[in-house]
Every structure is written in C-alpha cells, then in structure tokens.
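K.L.:
What follows is structure_26.cif, mmCIF, C-alpha atoms.
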data_final
#
loop_
_atom_site.group_PDB
_atom_site.id
_atom_site.type_symbol
_atom_site.label_atom_id
_atom_site.label_comp_id
_atom_site.auth_asym_id
_atom_site.auth_seq_id
_atom_site.Cartn_x
_atom_site.Cartn_y
_atom_site.Cartn_z
ATOM 1 C CA MET S 22 0.000 0.000 0.000
ATOM 2 C CA ASN S 23 1.455 3.342 -0.984
ATOM 3 C CA THR S 24 1.167 6.520 1.080
ATOM 4 C CA ASP S 25 -1.595 8.034 -1.069
ATOM 5 C CA GLN S 26 -3.781 4.952 -0.602
ATOM 6 C CA ARG S 27 -3.036 4.899 3.116
ATOM 7 C CA ASP S 28 -3.867 8.578 3.513
ATOM 8 C CA LYS S 29 -7.146 8.150 1.614
ATOM 9 C CA ILE S 30 -8.192 5.197 3.792
ATOM 10 C CA LEU S 31 -7.247 7.014 6.995
ATOM 11 C CA GLN S 32 -9.095 10.134 5.820
ATOM 12 C CA GLN S 33 -12.222 8.004 5.396
ATOM 13 C CA LEU S 34 -11.725 6.586 8.887
ATOM 14 C CA ALA S 35 -11.271 10.062 10.394
ATOM 15 C CA GLN S 36 -14.430 11.269 8.622
ATOM 16 C CA ALA S 37 -16.383 8.277 9.940
ATOM 17 C CA ILE S 38 -15.163 9.064 13.463
ATOM 18 C CA ALA S 39 -16.265 12.695 13.058
ATOM 19 C CA ARG S 40 -19.685 11.703 11.662
ATOM 20 C CA ARG S 41 -20.300 9.599 14.746
ATOM 21 C CA ARG S 42 -19.112 12.483 16.959
ATOM 22 C CA LEU S 43 -16.341 10.378 18.426
ATOM 23 C CA THR S 44 -13.453 12.759 17.803
ATOM 24 C CA ALA S 45 -12.848 13.507 21.495
ATOM 25 C CA PRO S 46 -12.638 9.835 22.554
ATOM 26 C CA ALA S 47 -10.579 9.045 19.444
ATOM 27 C CA ARG S 48 -8.140 11.864 20.192
ATOM 28 C CA LEU S 49 -7.814 10.661 23.780
ATOM 29 C CA ALA S 50 -7.197 7.077 22.673
ATOM 30 C CA LEU S 51 -4.677 8.139 20.037
ATOM 31 C CA ASP S 52 -2.859 10.358 22.552
ATOM 32 C CA VAL S 53 -2.649 7.453 24.999
ATOM 33 C CA ILE S 54 -1.318 4.958 22.462
ATOM 34 C CA SER S 55 0.961 7.461 20.706
ATOM 35 C CA PRO S 56 4.044 6.520 22.781
ATOM 36 C CA LEU S 57 3.270 2.877 22.021
ATOM 37 C CA SER S 58 2.869 3.319 18.267
ATOM 38 C CA PHE S 59 5.514 0.690 17.497
ATOM 39 C CA PHE S 60 3.669 -1.929 19.539
ATOM 40 C CA THR S 61 0.263 -0.957 18.154
ATOM 41 C CA SER S 62 1.703 -1.265 14.656
ATOM 42 C CA GLN S 63 2.915 -4.754 15.483
ATOM 43 C CA ILE S 64 -0.530 -5.662 16.803
ATOM 44 C CA ALA S 65 -2.065 -4.373 13.557
ATOM 45 C CA LEU S 66 0.370 -6.551 11.581
ATOM 46 C CA PHE S 67 -0.670 -9.547 13.671
ATOM 47 C CA LEU S 68 -4.384 -8.836 13.178
ATOM 48 C CA ARG S 69 -4.228 -8.188 9.441
ATOM 49 C CA PRO S 70 -4.606 -11.853 8.380
ATOM 50 C CA LEU S 71 -7.460 -12.276 10.862
ATOM 51 C CA THR S 72 -9.596 -9.433 9.520
ATOM 52 C CA PRO S 73 -12.054 -10.030 6.678
ATOM 53 C CA LEU S 74 -11.319 -8.478 3.330
ATOM 54 C CA GLY S 75 -12.873 -5.104 2.755
ATOM 55 C CA ARG S 76 -12.956 -1.913 4.755
ATOM 56 C CA TRP S 77 -11.635 -3.325 8.062
ATOM 57 C CA HIS S 78 -8.767 -5.061 6.313
ATOM 58 C CA ASP S 79 -7.853 -1.756 4.646
ATOM 59 C CA TYR S 80 -7.927 0.077 7.993
ATOM 60 C CA VAL S 81 -5.649 -2.478 9.631
ATOM 61 C CA ALA S 82 -3.287 -2.438 6.635
ATOM 62 C CA ALA S 83 -3.117 1.375 6.802
ATOM 63 C CA LEU S 84 -2.199 1.233 10.493
ATOM 64 C CA ASP S 85 0.492 -1.434 10.267
ATOM 65 C CA ASP S 86 3.319 1.094 10.658
ATOM 66 C CA GLU S 87 4.017 3.919 13.077
ATOM 67 C CA GLN S 88 3.494 6.573 10.412
ATOM 68 C CA GLY S 89 -0.082 5.390 9.852
ATOM 69 C CA TRP S 90 -0.959 6.050 13.497
ATOM 70 C CA LYS S 91 0.593 9.522 13.315
ATOM 71 C CA VAL S 92 -1.342 10.351 10.150
ATOM 72 C CA LEU S 93 -4.590 9.150 11.744
ATOM 73 C CA GLN S 94 -3.923 11.257 14.835
ATOM 74 C CA ARG S 95 -3.299 14.338 12.676
ATOM 75 C CA LEU S 96 -6.444 13.717 10.614
ATOM 76 C CA VAL S 97 -8.647 13.239 13.684
ATOM 77 C CA GLU S 98 -7.290 16.444 15.207
ATOM 78 C CA LYS S 99 -8.027 18.226 11.925
ATOM 79 C CA GLN S 100 -11.604 16.883 11.945
ATOM 80 C CA ASP S 101 -12.049 18.157 15.503
ATOM 81 C CA GLY S 102 -10.966 21.500 14.182
#
How does this structure look as structure tokens?
P.N.:
Amino acid sequence: MNTDQRDKILQQLAQAIARRRLTAPARLALDVISPLSFFTSQIALFLRPLTPLGRWHDYVAALDDEQGWKVLQRLVEKQDG
C-alpha cells in the first residue's frame, strides 16, 4: 500500500469518526497509544490476516506502521478542528 492509498483510507476513517461524533474519545485514545505506536503497529500486523477483506482489512493495513498512526492522529485532530 502506498502513502496516497493509506492517507485516503485514513481520511475516510477520520471522517467516519467525526460523523459519529467520536473525535474527542478518538483523540484521547490516540494520545494514549501514541508513545506505544511501534507496539500498536505490530498488533495491527498480527491482526491483518485475521480481519475479513474489505474496509476493516484496509484500515488495519493502513495502520500497520508507526506513520499510519501519526497520520490518523493528525487527521482526527483536523476533523475536531
């Protein structure tokens, strides 16, 4: 997955979070796991084969590196505005 695809998928996830008015809890959760981004990336790599194909598989694939978590955090903060 290239960075443009990842950013598009994470943008969709951030928009879905905002539509459900979950930006505050999402920001809190992302702030808490931010120092553990390496470990959360490893967990995402472990879960990727266990997720069904489709949207959830794309989300997990987009978050399988530390940069993906940072991009998601930035996008959620932007949605919170």
K.L.:
Taking the file as shown, what set of residues would the PyMOL selection byres ((chain S and resi 33) around 12) give back, as number ranges by chain?
P.N.:
S: 26-32, 34-40, 76-77, 79-80, 83, 93, 96-97, 100
K.L.:
Could you list, as number ranges by chain, every residue matched by the PyMOL selection byres ((chain S and resi 56-60) around 12) in this structure?
P.N.:
S: 50-55, 61-67, 84-94
K.L.:
Restricting it to C-alpha atoms, dump the selection as a compact mmCIF listing (two decimals), keeping the file's coordinate frame.
P.N.:
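Contents of the output file again07.txt:
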# COMPACT_ATOMS: atom_id res chain seq x y z
CA ALA S 50 -7.20 7.08 22.67
CA LEU S 51 -4.68 8.14 20.04
CA ASP S 52 -2.86 10.36 22.55
CA VAL S 53 -2.65 7.45 25.00
CA ILE S 54 -1.32 4.96 22.46
CA SER S 55 0.96 7.46 20.71
CA THR S 61 0.26 -0.96 18.15
CA SER S 62 1.70 -1.26 14.66
CA GLN S 63 2.92 -4.75 15.48
CA ILE S 64 -0.53 -5.66 16.80
CA ALA S 65 -2.06 -4.37 13.56
CA LEU S 66 0.37 -6.55 11.58
CA PHE S 67 -0.67 -9.55 13.67
CA LEU S 84 -2.20 1.23 10.49
CA ASP S 85 0.49 -1.43 10.27
CA ASP S 86 3.32 1.09 10.66
CA GLU S 87 4.02 3.92 13.08
CA GLN S 88 3.49 6.57 10.41
CA GLY S 89 -0.08 5.39 9.85
CA TRP S 90 -0.96 6.05 13.50
CA LYS S 91 0.59 9.52 13.32
CA VAL S 92 -1.34 10.35 10.15
CA LEU S 93 -4.59 9.15 11.74
CA GLN S 94 -3.92 11.26 14.84
K.L.:
Work out how far atom CA of S:Leu68 is from atom CA of S:Thr24, in Å to one decimal.
P.N.:
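Between these atoms lies a distance of 20.3 Å.
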K.L.:
Could you state the separation of atom CA of S:Pro73 and atom CA of S:Glu98 in Å, given to one decimal place?
P.N.:
28.2 Å
K.L.:
Enter the distance from atom CA of S:Ala82 to atom CA of S:Asn23, in Å, rounded to one decimal.
P.N.:
10.7 Å
